[in-house]
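Okay, so here's the structure we're looking at.
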Amino acid sequence: MKSFGTVRATLRTDGAVHPGRLLGRLTELHRLALLIVALAAVAVGCSGGQSATDATSNPDDWEAVLNAARGQTIDLYMWGGSSEINRFVDRTYGPILEQEFGITLNRVPVADTVDAVNKVLAELQAGRNEGGSVDLIWINGENFYTLRQANALVGDWALQIPNARFVDWDSVAVNRDFGLAVDGSESPLGSAQFQFVYDSARIDEDSLPRSYIELGEWIAAHPGRFTYPAPPAFHGTRFVKQAFYELTGGVDPWLGSFDETAFVEGSAGLWDYLTEINPDLWRSGRTFPPDIASLNRLFANGEVDFTFTQLPGGIQAEIDAGVLPATARPFVFDTGTIGDFHYLAIPTNAGDSEAAMVLANLVLTPTLQAAKLDPTNGWGDGLAISLDLVQGEDRIALQRVMDNLAGAAVSFDRLEAVRLPEVNQEYTLRLEHDWDVFIRQSRLAG
Amino acid sequence: MTTRVDLVGLTKHFGSVHPVEDFSLAIQPGRVTALLGPSGSGKTTLLKMIAGVLRPTSGDILFDGESVVDLPAPERDAPMVFHNALLFPQLTVEDNVGFGLRMRKTPPAERSGRVAEMLELVGLHDLRTRRPEQLSGGQQQRVALARALVVSPRLLLLDEPLANLDPDLRNEMRELLLSVQRSLGLTMLLVTHDQEDAIVVADHVALIRDGSLVQEGVARDFFERPASAWVAMFFGAGNLIPGERTNNEVVTPLGRLRVIAESPASGPVLVTIRPEAVVLDAVEGQANTFEGTVIAAEFRGNHIRMQLTAGGLNLEATAPVDDAKGHAVGDTVRVALPPDKLWSLPAE
Amino acid sequence: MALIVATILLPLVPLVIQSFTRGYVFPQLVPAEWSTRAWSIVLATDGGTWKALGWSVAVAATVTALALLVAVPAGRVLGLRTFRGRRVLEFLVLTPLLVPAVAVGIGLDITFIRLGLSGTFWGVVLVHLIPAAPYAVLILAGVFANYNEDLEVQARTLGAGPLNVLRHVTMPAIMPGLIVAGFFAFIVSWSQYVLTLQIGGGKVLTLPVLLVSTASGGDVAITGALTIVYALPVLALLVVTSHHVVRAGLGVTGT
């Protein structure tokens, strides 16, 4: 018998109010609402008191920067996909920052740098103009462009930090990024250059293609053994852009500002080329690997014969990690490959910008640049500094590392000889867009 | 140990629903009082107010003259026994029975002694280490009873404790309640919708309808002297004959009928008589006689239920199973309604 | 029970093999080269795995506790009471499960930054409660729907005060449901990636965040090892609670 009395058995909502029983008289619904409000209040309370920081110190007065940086914690946001790179950063920079500068390094791994970019933009949009979460981002290209356009990066500082003297700021490759003037709003960390990777156990070095034209012939002769990551995946875009350079007779016509007519005319040959090779690609070109990690896996699994790398120091670290087979070797085309720099940038709302500058300065130290270049230390990243601007012992040490790079590397001279610059970012965006239209979508339609 | 309980103008409102309205009743110490009423009449609400788990909107509850309205349920010593036993599933029989003593922090030695005593009383001592799911429904009900008794209650509240039991167990449980009552002399309030339970177990019956008391008294009163036509119908009176009363006579479609002098009401009345009091073969000289025709006769095991028509009215009567005369459908019978069995009620 | 454990552990076998290899490539049945390299990196004290494990455990445990704290009264109201607006309330409880986490996260990110909750432990806990609490509420509403409140009335009239009623009546009755609800809340929190990334912003670096960033590098050995670290606590919990979870799956939880 479920009478009304049973239903309301434990509710006491009526009758006179007795002192001390007020809470007991609230209905359960009210108590529930109270509980939720209380929880929210506790959560807000616990997180209160974001420490406001002083305005960023001027890097001109480096002593002041060092003093301000002492005791700070740098939240360094960087792509976390390589355990070797992660360990290099933690174990090389971490102890020095701690012991010499009293700074704690907190490396924050992200799956994609764009996550960190969005974090900064969201914070600024929410009005958090100081004490932000991100102090330093490993960045370049489109992500830099996005933050720079949003005025979200501290400017000028990179030209004024002490070790900026080792950086060839006069070089266009350094002082422009994604077609935008850097203007000291990011400081180089290292450099990269596109290279192809083959398995020396499977292919004879002499039979390697050395240009896109030769690559086309090789693909026709070996159907299903080649593919590239779909643009706008970084390596994919770069692969397409280099083909664009070669098939239009070189990079020179494209170094100026964007020219629609010239681009449409010039790129026609590129789309013809890519359309022609497409049926002979892996899985008949119906699908493309989404990123370089996938391409590396296809290569390691023996499904395709080539993958790509960006490491001027060579691929020994990736071999050691088992990502690439021991017999993998990098090579470059005679027609050139694109090289560029990658940087460290400080968001305008960084909570610990002084410490961030200290780290950005530290990574430019010649001996640490040499350590980073050496793949046996786990990375193999190219130099951010110019050998010509380094003197004495440091120069000798750098030279020694460069000369002793393990066999799984292309020589520095060779890399430099074929290095090609980036072009105005509008070309990049158009190439990515048109590739989607002419290649991916037409494949789907076909 | 034997507590007198007075309910004074008890009222319970849930918003616009008024399950109990101005209910007053004196519950005699050491007796079984039955609170009888159809389902939805407010019995359980009333019980829960007495137990202290529901607070009255107004009115008072007195235990031996003292108000207990502000006394929380755990301190009232008025345990309830529900129709569905409600044993604590994770506890053994023994621990279920000992629960109330544990709450009262009774020393373990004393506790186990009293638990054993109560289990003995309800005849379940052998099952003391069982878990509730290993017991039959009747056994569970007896454990529930022992669990309530062990705390030496001032008042035992029984909420339809017999409702879920089949007839054999029901009788057994009735017997048990009575023997417990006899040996412990407890004040008990039995809530039931079943008049037979009330009649068999209770010394005193209070009939409740729509949250209000309609009649109280010993069981017999409800049959012979119902307070209203509703009470008469509830107790299965069957025959209600409309008429106009002057003094001890009522003019009805069946003629002038003499009724019990002390029966209430005059003017327009209903006259009631129980089917078993209707005489089918009246002899000469009997009062209140008239002719009727049998229109139905149903065998009911220990009696025959007869339907008669007389003066345009239907009447119910009973005949013994071995009735030699064998009244058949269509027979004309001479009917007498003995004046000492005729009770007049105010017409509604 | 053995079957359950086997079913749970079987998917881990390839991961275990993968985590002990170097350069394990697809067509090989048996890896050419065994190595503990991945494990030494993943388990290194400065590698961030332990910190991430700590964050994950702290967040998930707190979320579980708070989800249950909300779910017990809410489930009781939804399971036992009929009142106007109950359907609306039920729907509101369900909405967080219907809206994609990304949409929730983007909307909340700005608000949380303004409240100073972004990048904080409590911010992440709060945002995990959005998907976690509804599961717990729904499970407990189901438990309470089969709960007879008269059992509490019975205990009270036998002399039990509120705490004793909770301890001897309510808790034993809802315990299986409480375990299942807690398990689900824990799993939901444990597996949050998008919301943790958006609100935690890398500061509250739980295992899924670390795992996804690690997986982006394509090192199958390290990813495999980290996946095992990520999966083991949940599997252990599942083994411990499987009895109740399986019963819940068969719809016979609660009394």
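How things are named: the first chain in the structure tokens is A, the next is B, and so on; residues count from 1 in each chain; ligands count from 1 in the order shown.
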Go through region 109-166 of chain B and flag each residue having an atom no more than 10 Å from region 143-165 of chain C; for those, report the closest pair of atoms plus their distance in Å to one decimal, using only C-alpha atoms, ordered by chain and rising number, as JSON lines.
```
{"residue": "B:Ala144", "atom": "CA", "partner": "C:Gln154", "partner_atom": "CA", "distance": 9.7}
{"residue": "B:Arg147", "atom": "CA", "partner": "C:Leu158", "partner_atom": "CA", "distance": 8.2}
{"residue": "B:Ala148", "atom": "CA", "partner": "C:Leu158", "partner_atom": "CA", "distance": 6.8}
{"residue": "B:Leu149", "atom": "CA", "partner": "C:Leu158", "partner_atom": "CA", "distance": 9.8}
{"residue": "B:Val150", "atom": "CA", "partner": "C:Leu158", "partner_atom": "CA", "distance": 9.6}
{"residue": "B:Val151", "atom": "CA", "partner": "C:Leu158", "partner_atom": "CA", "distance": 7.6}
{"residue": "B:Pro153", "atom": "CA", "partner": "C:Leu158", "partner_atom": "CA", "distance": 9.1}
{"residue": "B:Leu157", "atom": "CA", "partner": "C:Thr157", "partner_atom": "CA", "distance": 9.6}
```
Selection: 8 Å around Val143 (chain B), only C-alpha atoms, excl. self and same-chain fewer than 5 positions, as a list of chain:residue names: B:Ala85, B:Leu87, B:Val93, B:Asn96, B:Val97, B:Leu119, B:Val122, B:Leu124
With N, CA and C atoms retained, could you export that selection as a PDB file, in the first residue's frame?
```
ATOM      1  N   ALA B  85       7.368  -7.559   6.492  1.00  0.00           N
ATOM      2  CA  ALA B  85       8.468  -7.921   7.407  1.00  0.00           C
ATOM      3  C   ALA B  85       9.622  -6.914   7.454  1.00  0.00           C
ATOM      4  N   LEU B  87      12.859  -7.119   6.998  1.00  0.00           N
ATOM      5  CA  LEU B  87      14.042  -7.506   7.756  1.00  0.00           C
ATOM      6  C   LEU B  87      15.262  -6.869   7.098  1.00  0.00           C
ATOM      7  N   VAL B  93      19.044 -13.597  11.514  1.00  0.00           N
ATOM      8  CA  VAL B  93      17.803 -13.543  12.283  1.00  0.00           C
ATOM      9  C   VAL B  93      18.077 -12.948  13.672  1.00  0.00           C
ATOM     10  N   ASN B  96      18.945  -9.313  13.474  1.00  0.00           N
ATOM     11  CA  ASN B  96      17.746  -8.546  13.193  1.00  0.00           C
ATOM     12  C   ASN B  96      16.961  -8.311  14.475  1.00  0.00           C
ATOM     13  N   VAL B  97      16.772  -9.378  15.214  1.00  0.00           N
ATOM     14  CA  VAL B  97      15.984  -9.268  16.445  1.00  0.00           C
ATOM     15  C   VAL B  97      16.711  -8.363  17.444  1.00  0.00           C
ATOM     16  N   LEU B 119      13.036 -15.034  20.462  1.00  0.00           N
ATOM     17  CA  LEU B 119      13.007 -16.040  19.397  1.00  0.00           C
ATOM     18  C   LEU B 119      12.259 -17.279  19.879  1.00  0.00           C
ATOM     19  N   VAL B 122       8.502 -16.583  19.637  1.00  0.00           N
ATOM     20  CA  VAL B 122       7.896 -16.701  18.307  1.00  0.00           C
ATOM     21  C   VAL B 122       8.250 -18.031  17.649  1.00  0.00           C
ATOM     22  N   LEU B 124      11.235 -19.448  16.817  1.00  0.00           N
ATOM     23  CA  LEU B 124      12.229 -19.475  15.726  1.00  0.00           C
ATOM     24  C   LEU B 124      13.647 -19.614  16.249  1.00  0.00           C
TER      25      LEU B 124
END
```
Surrounding residues of region 212-225 of chain A excluding itself and chain neighbours under 5 positions, 12 Å, only C-alpha atoms, as an MDAnalysis selection string: chainID A and resid 196 198 202:203 207 239:249 269:270 272:288 295 298:299 301:307 332:337
Give me a file of those residues, with N, CA and C atoms, as a compact mmCIF listing (two decimals), in the first residue's frame.
```txt
# COMPACT_ATOMS: atom_id res chain seq x y z
N PHE A 196 64.60 13.10 -47.54
CA PHE A 196 63.94 11.82 -47.78
C PHE A 196 64.69 10.74 -47.00
N TYR A 198 65.39 6.47 -46.98
CA TYR A 198 65.19 5.17 -47.65
C TYR A 198 65.84 4.11 -46.80
N ARG A 202 67.23 -2.23 -48.63
CA ARG A 202 66.27 -2.57 -49.69
C ARG A 202 66.62 -1.93 -51.03
N ILE A 203 67.16 -0.70 -50.98
CA ILE A 203 67.40 0.05 -52.22
C ILE A 203 68.88 0.45 -52.28
N SER A 207 70.51 3.99 -57.14
CA SER A 207 69.27 3.99 -57.90
C SER A 207 68.23 4.93 -57.31
N PHE A 239 56.41 18.51 -48.88
CA PHE A 239 56.70 17.65 -50.03
C PHE A 239 56.09 18.26 -51.30
N VAL A 240 54.86 18.75 -51.20
CA VAL A 240 54.17 19.33 -52.35
C VAL A 240 54.84 20.64 -52.75
N LYS A 241 55.24 21.44 -51.75
CA LYS A 241 55.81 22.75 -52.06
C LYS A 241 57.14 22.62 -52.80
N GLN A 242 57.94 21.63 -52.38
CA GLN A 242 59.22 21.42 -53.06
C GLN A 242 59.00 21.00 -54.52
N ALA A 243 57.98 20.18 -54.73
CA ALA A 243 57.65 19.78 -56.10
C ALA A 243 57.24 21.01 -56.92
N PHE A 244 56.49 21.88 -56.25
CA PHE A 244 56.07 23.13 -56.90
C PHE A 244 57.29 23.94 -57.34
N TYR A 245 58.26 24.08 -56.43
CA TYR A 245 59.49 24.80 -56.77
C TYR A 245 60.14 24.17 -58.00
N GLU A 246 60.38 22.85 -57.92
CA GLU A 246 61.14 22.18 -58.98
C GLU A 246 60.42 22.26 -60.32
N LEU A 247 59.11 22.02 -60.31
CA LEU A 247 58.38 21.93 -61.57
C LEU A 247 58.14 23.30 -62.20
N THR A 248 58.33 24.38 -61.40
CA THR A 248 58.18 25.72 -61.96
C THR A 248 59.55 26.35 -62.20
N GLY A 249 60.58 25.55 -62.13
CA GLY A 249 61.91 26.04 -62.48
C GLY A 249 62.65 26.70 -61.33
N GLY A 269 51.21 22.67 -63.73
CA GLY A 269 52.11 21.55 -63.96
C GLY A 269 52.23 20.67 -62.72
N LEU A 270 52.21 21.30 -61.53
CA LEU A 270 52.29 20.55 -60.28
C LEU A 270 51.11 19.59 -60.15
N ASP A 272 49.23 18.44 -62.49
CA ASP A 272 49.36 17.38 -63.50
C ASP A 272 50.29 16.29 -62.98
N TYR A 273 51.41 16.74 -62.42
CA TYR A 273 52.41 15.79 -61.92
C TYR A 273 51.81 14.92 -60.81
N LEU A 274 51.20 15.59 -59.83
CA LEU A 274 50.66 14.83 -58.68
C LEU A 274 49.51 13.92 -59.10
N THR A 275 48.71 14.38 -60.09
CA THR A 275 47.61 13.56 -60.58
C THR A 275 48.16 12.32 -61.30
N GLU A 276 49.25 12.54 -62.00
CA GLU A 276 49.81 11.44 -62.77
C GLU A 276 50.40 10.36 -61.86
N ILE A 277 51.11 10.78 -60.81
CA ILE A 277 51.71 9.76 -59.93
C ILE A 277 50.67 9.11 -59.03
N ASN A 278 49.56 9.80 -58.84
CA ASN A 278 48.62 9.36 -57.81
C ASN A 278 48.15 7.90 -57.91
N PRO A 279 47.79 7.41 -59.12
CA PRO A 279 47.30 6.02 -59.17
C PRO A 279 48.35 5.00 -58.76
N ASP A 280 49.62 5.39 -58.84
CA ASP A 280 50.67 4.44 -58.50
C ASP A 280 51.15 4.59 -57.06
N LEU A 281 50.46 5.44 -56.29
CA LEU A 281 50.84 5.60 -54.89
C LEU A 281 50.32 4.42 -54.06
N TRP A 282 50.76 4.38 -52.83
CA TRP A 282 50.28 3.39 -51.86
C TRP A 282 48.74 3.42 -51.82
N ARG A 283 48.14 2.26 -51.85
CA ARG A 283 46.68 2.13 -51.91
C ARG A 283 46.10 2.92 -53.07
N SER A 284 46.83 2.93 -54.18
CA SER A 284 46.38 3.61 -55.40
C SER A 284 46.03 5.06 -55.16
N GLY A 285 46.59 5.66 -54.15
CA GLY A 285 46.36 7.08 -53.90
C GLY A 285 44.94 7.39 -53.43
N ARG A 286 44.21 6.38 -53.04
CA ARG A 286 42.85 6.65 -52.56
C ARG A 286 42.88 7.25 -51.16
N THR A 287 43.95 6.95 -50.44
CA THR A 287 44.07 7.49 -49.09
C THR A 287 45.53 7.84 -48.83
N PHE A 288 45.74 8.74 -47.88
CA PHE A 288 47.08 9.20 -47.55
C PHE A 288 47.30 9.07 -46.06
N LEU A 295 53.44 7.68 -41.62
CA LEU A 295 54.32 7.35 -42.76
C LEU A 295 55.53 6.56 -42.27
N LEU A 298 54.47 3.03 -41.83
CA LEU A 298 54.36 2.33 -43.12
C LEU A 298 55.74 1.94 -43.63
N PHE A 299 56.68 2.88 -43.45
CA PHE A 299 58.06 2.65 -43.91
C PHE A 299 58.69 1.52 -43.10
N ASN A 301 57.21 -0.78 -41.49
CA ASN A 301 56.52 -2.05 -41.78
C ASN A 301 56.84 -2.56 -43.18
N GLY A 302 57.61 -1.80 -43.95
CA GLY A 302 57.98 -2.23 -45.28
C GLY A 302 56.87 -2.05 -46.31
N GLU A 303 55.85 -1.27 -45.99
CA GLU A 303 54.76 -1.07 -46.96
C GLU A 303 55.12 -0.05 -48.02
N VAL A 304 55.95 0.91 -47.65
CA VAL A 304 56.42 1.90 -48.64
C VAL A 304 57.96 1.97 -48.52
N ASP A 305 58.56 2.58 -49.54
CA ASP A 305 60.03 2.58 -49.58
C ASP A 305 60.65 3.88 -49.13
N PHE A 306 59.84 4.91 -48.90
CA PHE A 306 60.41 6.19 -48.47
C PHE A 306 59.60 6.82 -47.34
N THR A 307 60.34 7.48 -46.45
CA THR A 307 59.66 8.37 -45.51
C THR A 307 60.48 9.66 -45.48
N VAL A 332 68.92 13.72 -49.96
CA VAL A 332 68.20 14.89 -50.46
C VAL A 332 68.21 14.88 -51.99
N PHE A 333 67.29 15.65 -52.57
CA PHE A 333 67.24 15.79 -54.03
C PHE A 333 68.27 16.82 -54.46
N ASP A 334 68.77 16.63 -55.66
CA ASP A 334 69.68 17.64 -56.21
C ASP A 334 68.94 18.95 -56.45
N THR A 335 67.62 18.83 -56.66
CA THR A 335 66.83 20.02 -56.96
C THR A 335 66.45 20.78 -55.69
N GLY A 336 66.89 20.29 -54.57
CA GLY A 336 66.74 21.07 -53.35
C GLY A 336 65.61 20.63 -52.43
N THR A 337 65.80 20.95 -51.13
CA THR A 337 64.75 20.72 -50.13
C THR A 337 64.69 21.94 -49.23
```
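Proximity of A:Ala233, A:Ile396, A:Leu405, A:Phe341 to Val172 (chain A), computed with only C-alpha atoms, is greatest for A:Phe341.
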DSSP helix (DSSP H, G or I) selection over region 28-142 of chain B, as a PyMOL selection string: chain B and resi 43-51+73-75+93-103+108-121+125-127+132-134+137-142
All residues 12 Å or closer to Val125 (chain C), only C-alpha atoms, same chain fewer than 2 positions away omitted, as a VMD selection string: (chain A and resid 39 to 40 42 to 44 46 to 47) or (chain C and resid 55 to 67 112 117 to 123 127 to 133 185 to 186 188 to 190 192 195 to 196 199 to 200 204 206)
Distance-based interface of chain B with chain A, 8 Å, counting only C-alpha atoms, as a PyMOL selection string: chain B and resi 19+39-40+44-45+53-58
Could you list, as a PDB file with N, CA, C and O atoms, in the first residue's frame, every residue of chain A that has an atom within 6 Å of an atom of chain C, counting only C-alpha atoms?
```pdb
ATOM      1  N   ALA A  43      35.082  24.931  -5.171  1.00  0.00           N
ATOM      2  CA  ALA A  43      35.991  24.824  -6.310  1.00  0.00           C
ATOM      3  C   ALA A  43      36.529  26.200  -6.691  1.00  0.00           C
ATOM      4  O   ALA A  43      37.722  26.384  -6.923  1.00  0.00           O
ATOM      5  N   SER A  47      40.597  27.830  -6.071  1.00  0.00           N
ATOM      6  CA  SER A  47      41.447  28.211  -7.180  1.00  0.00           C
ATOM      7  C   SER A  47      41.739  29.703  -7.172  1.00  0.00           C
ATOM      8  O   SER A  47      42.465  30.211  -7.997  1.00  0.00           O
ATOM      9  N   GLY A  80      54.901  16.756 -27.606  1.00  0.00           N
ATOM     10  CA  GLY A  80      55.470  15.765 -26.696  1.00  0.00           C
ATOM     11  C   GLY A  80      55.590  14.385 -27.287  1.00  0.00           C
ATOM     12  O   GLY A  80      55.680  13.400 -26.567  1.00  0.00           O
ATOM     13  N   GLY A  81      55.594  14.298 -28.613  1.00  0.00           N
ATOM     14  CA  GLY A  81      55.529  12.987 -29.249  1.00  0.00           C
ATOM     15  C   GLY A  81      56.837  12.209 -29.279  1.00  0.00           C
ATOM     16  O   GLY A  81      56.841  11.041 -29.615  1.00  0.00           O
ATOM     17  N   SER A  82      57.948  12.858 -28.951  1.00  0.00           N
ATOM     18  CA  SER A  82      59.210  12.140 -28.980  1.00  0.00           C
ATOM     19  C   SER A  82      59.792  12.038 -27.581  1.00  0.00           C
ATOM     20  O   SER A  82      60.165  13.030 -26.967  1.00  0.00           O
ATOM     21  N   VAL A 108      55.414  20.990 -20.645  1.00  0.00           N
ATOM     22  CA  VAL A 108      54.040  20.536 -20.823  1.00  0.00           C
ATOM     23  C   VAL A 108      53.915  19.921 -22.207  1.00  0.00           C
ATOM     24  O   VAL A 108      53.977  20.631 -23.211  1.00  0.00           O
ATOM     25  N   VAL A 110      52.252  18.560 -25.500  1.00  0.00           N
ATOM     26  CA  VAL A 110      50.956  18.631 -26.191  1.00  0.00           C
ATOM     27  C   VAL A 110      51.035  17.748 -27.427  1.00  0.00           C
ATOM     28  O   VAL A 110      52.113  17.521 -27.967  1.00  0.00           O
ATOM     29  N   ALA A 111      49.870  17.244 -27.822  1.00  0.00           N
ATOM     30  CA  ALA A 111      49.842  16.363 -28.982  1.00  0.00           C
ATOM     31  C   ALA A 111      50.037  17.176 -30.257  1.00  0.00           C
ATOM     32  O   ALA A 111      50.520  16.685 -31.260  1.00  0.00           O
ATOM     33  N   ALA A 126      39.431  35.609 -22.734  1.00  0.00           N
ATOM     34  CA  ALA A 126      38.739  35.655 -21.448  1.00  0.00           C
ATOM     35  C   ALA A 126      39.235  36.803 -20.575  1.00  0.00           C
ATOM     36  O   ALA A 126      38.807  36.955 -19.433  1.00  0.00           O
ATOM     37  N   ALA A 293      54.191  10.368 -38.447  1.00  0.00           N
ATOM     38  CA  ALA A 293      54.296   9.169 -37.613  1.00  0.00           C
ATOM     39  C   ALA A 293      53.704   7.974 -38.355  1.00  0.00           C
ATOM     40  O   ALA A 293      54.249   6.871 -38.318  1.00  0.00           O
ATOM     41  N   ASN A 301      57.206  -0.785 -41.494  1.00  0.00           N
ATOM     42  CA  ASN A 301      56.517  -2.048 -41.780  1.00  0.00           C
ATOM     43  C   ASN A 301      56.837  -2.564 -43.175  1.00  0.00           C
ATOM     44  O   ASN A 301      56.336  -3.617 -43.560  1.00  0.00           O
ATOM     45  N   GLY A 322      63.861   2.819 -32.440  1.00  0.00           N
ATOM     46  CA  GLY A 322      63.135   1.747 -33.104  1.00  0.00           C
ATOM     47  C   GLY A 322      62.043   2.255 -34.022  1.00  0.00           C
ATOM     48  O   GLY A 322      61.283   1.470 -34.579  1.00  0.00           O
ATOM     49  N   VAL A 323      61.915   3.571 -34.159  1.00  0.00           N
ATOM     50  CA  VAL A 323      60.897   4.131 -35.054  1.00  0.00           C
ATOM     51  C   VAL A 323      61.285   3.829 -36.498  1.00  0.00           C
ATOM     52  O   VAL A 323      60.436   3.533 -37.336  1.00  0.00           O
TER      53      VAL A 323
END
```
Polymer residues at most 8 Å from region 422-425 of chain A, only C-alpha atoms, same-chain spacing of 3 or more positions, as a list in words: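 Here the qualifying residues turn out to be Ala173, Phe178, Gly179, Leu180, Val251, Trp254, Leu255, Gly256, Ser257, Phe258, Ile338, Gly339, Asp340, Thr428 and Leu429 of chain A.
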Every residue of region 65-128 of chain A that DSSP places in strand (DSSP E or B), as a PyMOL selection string: chain A and resi 73-79+104-110
Selection export as a PDB file, in the first residue's frame, atoms kept: N, CA and C atoms:
```
ATOM      1  N   THR A  73      58.779  29.412 -12.347  1.00  0.00           N
ATOM      2  CA  THR A  73      58.631  28.113 -13.004  1.00  0.00           C
ATOM      3  C   THR A  73      58.211  28.366 -14.443  1.00  0.00           C
ATOM      4  N   ILE A  74      59.000  27.838 -15.373  1.00  0.00           N
ATOM      5  CA  ILE A  74      58.636  28.022 -16.789  1.00  0.00           C
ATOM      6  C   ILE A  74      57.691  26.910 -17.212  1.00  0.00           C
ATOM      7  N   ASP A  75      56.531  27.298 -17.715  1.00  0.00           N
ATOM      8  CA  ASP A  75      55.661  26.314 -18.339  1.00  0.00           C
ATOM      9  C   ASP A  75      55.955  26.319 -19.824  1.00  0.00           C
ATOM     10  N   LEU A  76      56.749  25.346 -20.239  1.00  0.00           N
ATOM     11  CA  LEU A  76      57.172  25.250 -21.638  1.00  0.00           C
ATOM     12  C   LEU A  76      56.246  24.283 -22.363  1.00  0.00           C
ATOM     13  N   TYR A  77      55.449  24.815 -23.274  1.00  0.00           N
ATOM     14  CA  TYR A  77      54.518  23.982 -24.024  1.00  0.00           C
ATOM     15  C   TYR A  77      55.191  23.539 -25.308  1.00  0.00           C
ATOM     16  N   MET A  78      55.316  22.241 -25.461  1.00  0.00           N
ATOM     17  CA  MET A  78      55.918  21.744 -26.697  1.00  0.00           C
ATOM     18  C   MET A  78      55.348  20.395 -27.077  1.00  0.00           C
ATOM     19  N   TRP A  79      55.407  20.117 -28.372  1.00  0.00           N
ATOM     20  CA  TRP A  79      54.972  18.827 -28.894  1.00  0.00           C
ATOM     21  C   TRP A  79      55.662  17.737 -28.091  1.00  0.00           C
ATOM     22  N   THR A 104      62.602  26.600 -12.217  1.00  0.00           N
ATOM     23  CA  THR A 104      62.080  25.250 -12.391  1.00  0.00           C
ATOM     24  C   THR A 104      61.503  25.124 -13.794  1.00  0.00           C
ATOM     25  N   LEU A 105      61.882  24.051 -14.462  1.00  0.00           N
ATOM     26  CA  LEU A 105      61.341  23.829 -15.807  1.00  0.00           C
ATOM     27  C   LEU A 105      60.169  22.863 -15.732  1.00  0.00           C
ATOM     28  N   ASN A 106      59.014  23.306 -16.197  1.00  0.00           N
ATOM     29  CA  ASN A 106      57.847  22.425 -16.286  1.00  0.00           C
ATOM     30  C   ASN A 106      57.491  22.258 -17.754  1.00  0.00           C
ATOM     31  N   ARG A 107      57.948  21.149 -18.317  1.00  0.00           N
ATOM     32  CA  ARG A 107      57.654  20.896 -19.726  1.00  0.00           C
ATOM     33  C   ARG A 107      56.235  20.334 -19.841  1.00  0.00           C
ATOM     34  N   VAL A 108      55.414  20.990 -20.645  1.00  0.00           N
ATOM     35  CA  VAL A 108      54.040  20.536 -20.823  1.00  0.00           C
ATOM     36  C   VAL A 108      53.915  19.921 -22.207  1.00  0.00           C
ATOM     37  N   PRO A 109      53.765  18.596 -22.294  1.00  0.00           N
ATOM     38  CA  PRO A 109      53.682  17.979 -23.615  1.00  0.00           C
ATOM     39  C   PRO A 109      52.293  18.171 -24.228  1.00  0.00           C
ATOM     40  N   VAL A 110      52.252  18.560 -25.500  1.00  0.00           N
ATOM     41  CA  VAL A 110      50.956  18.631 -26.191  1.00  0.00           C
ATOM     42  C   VAL A 110      51.035  17.748 -27.427  1.00  0.00           C
TER      43      VAL A 110
END
```
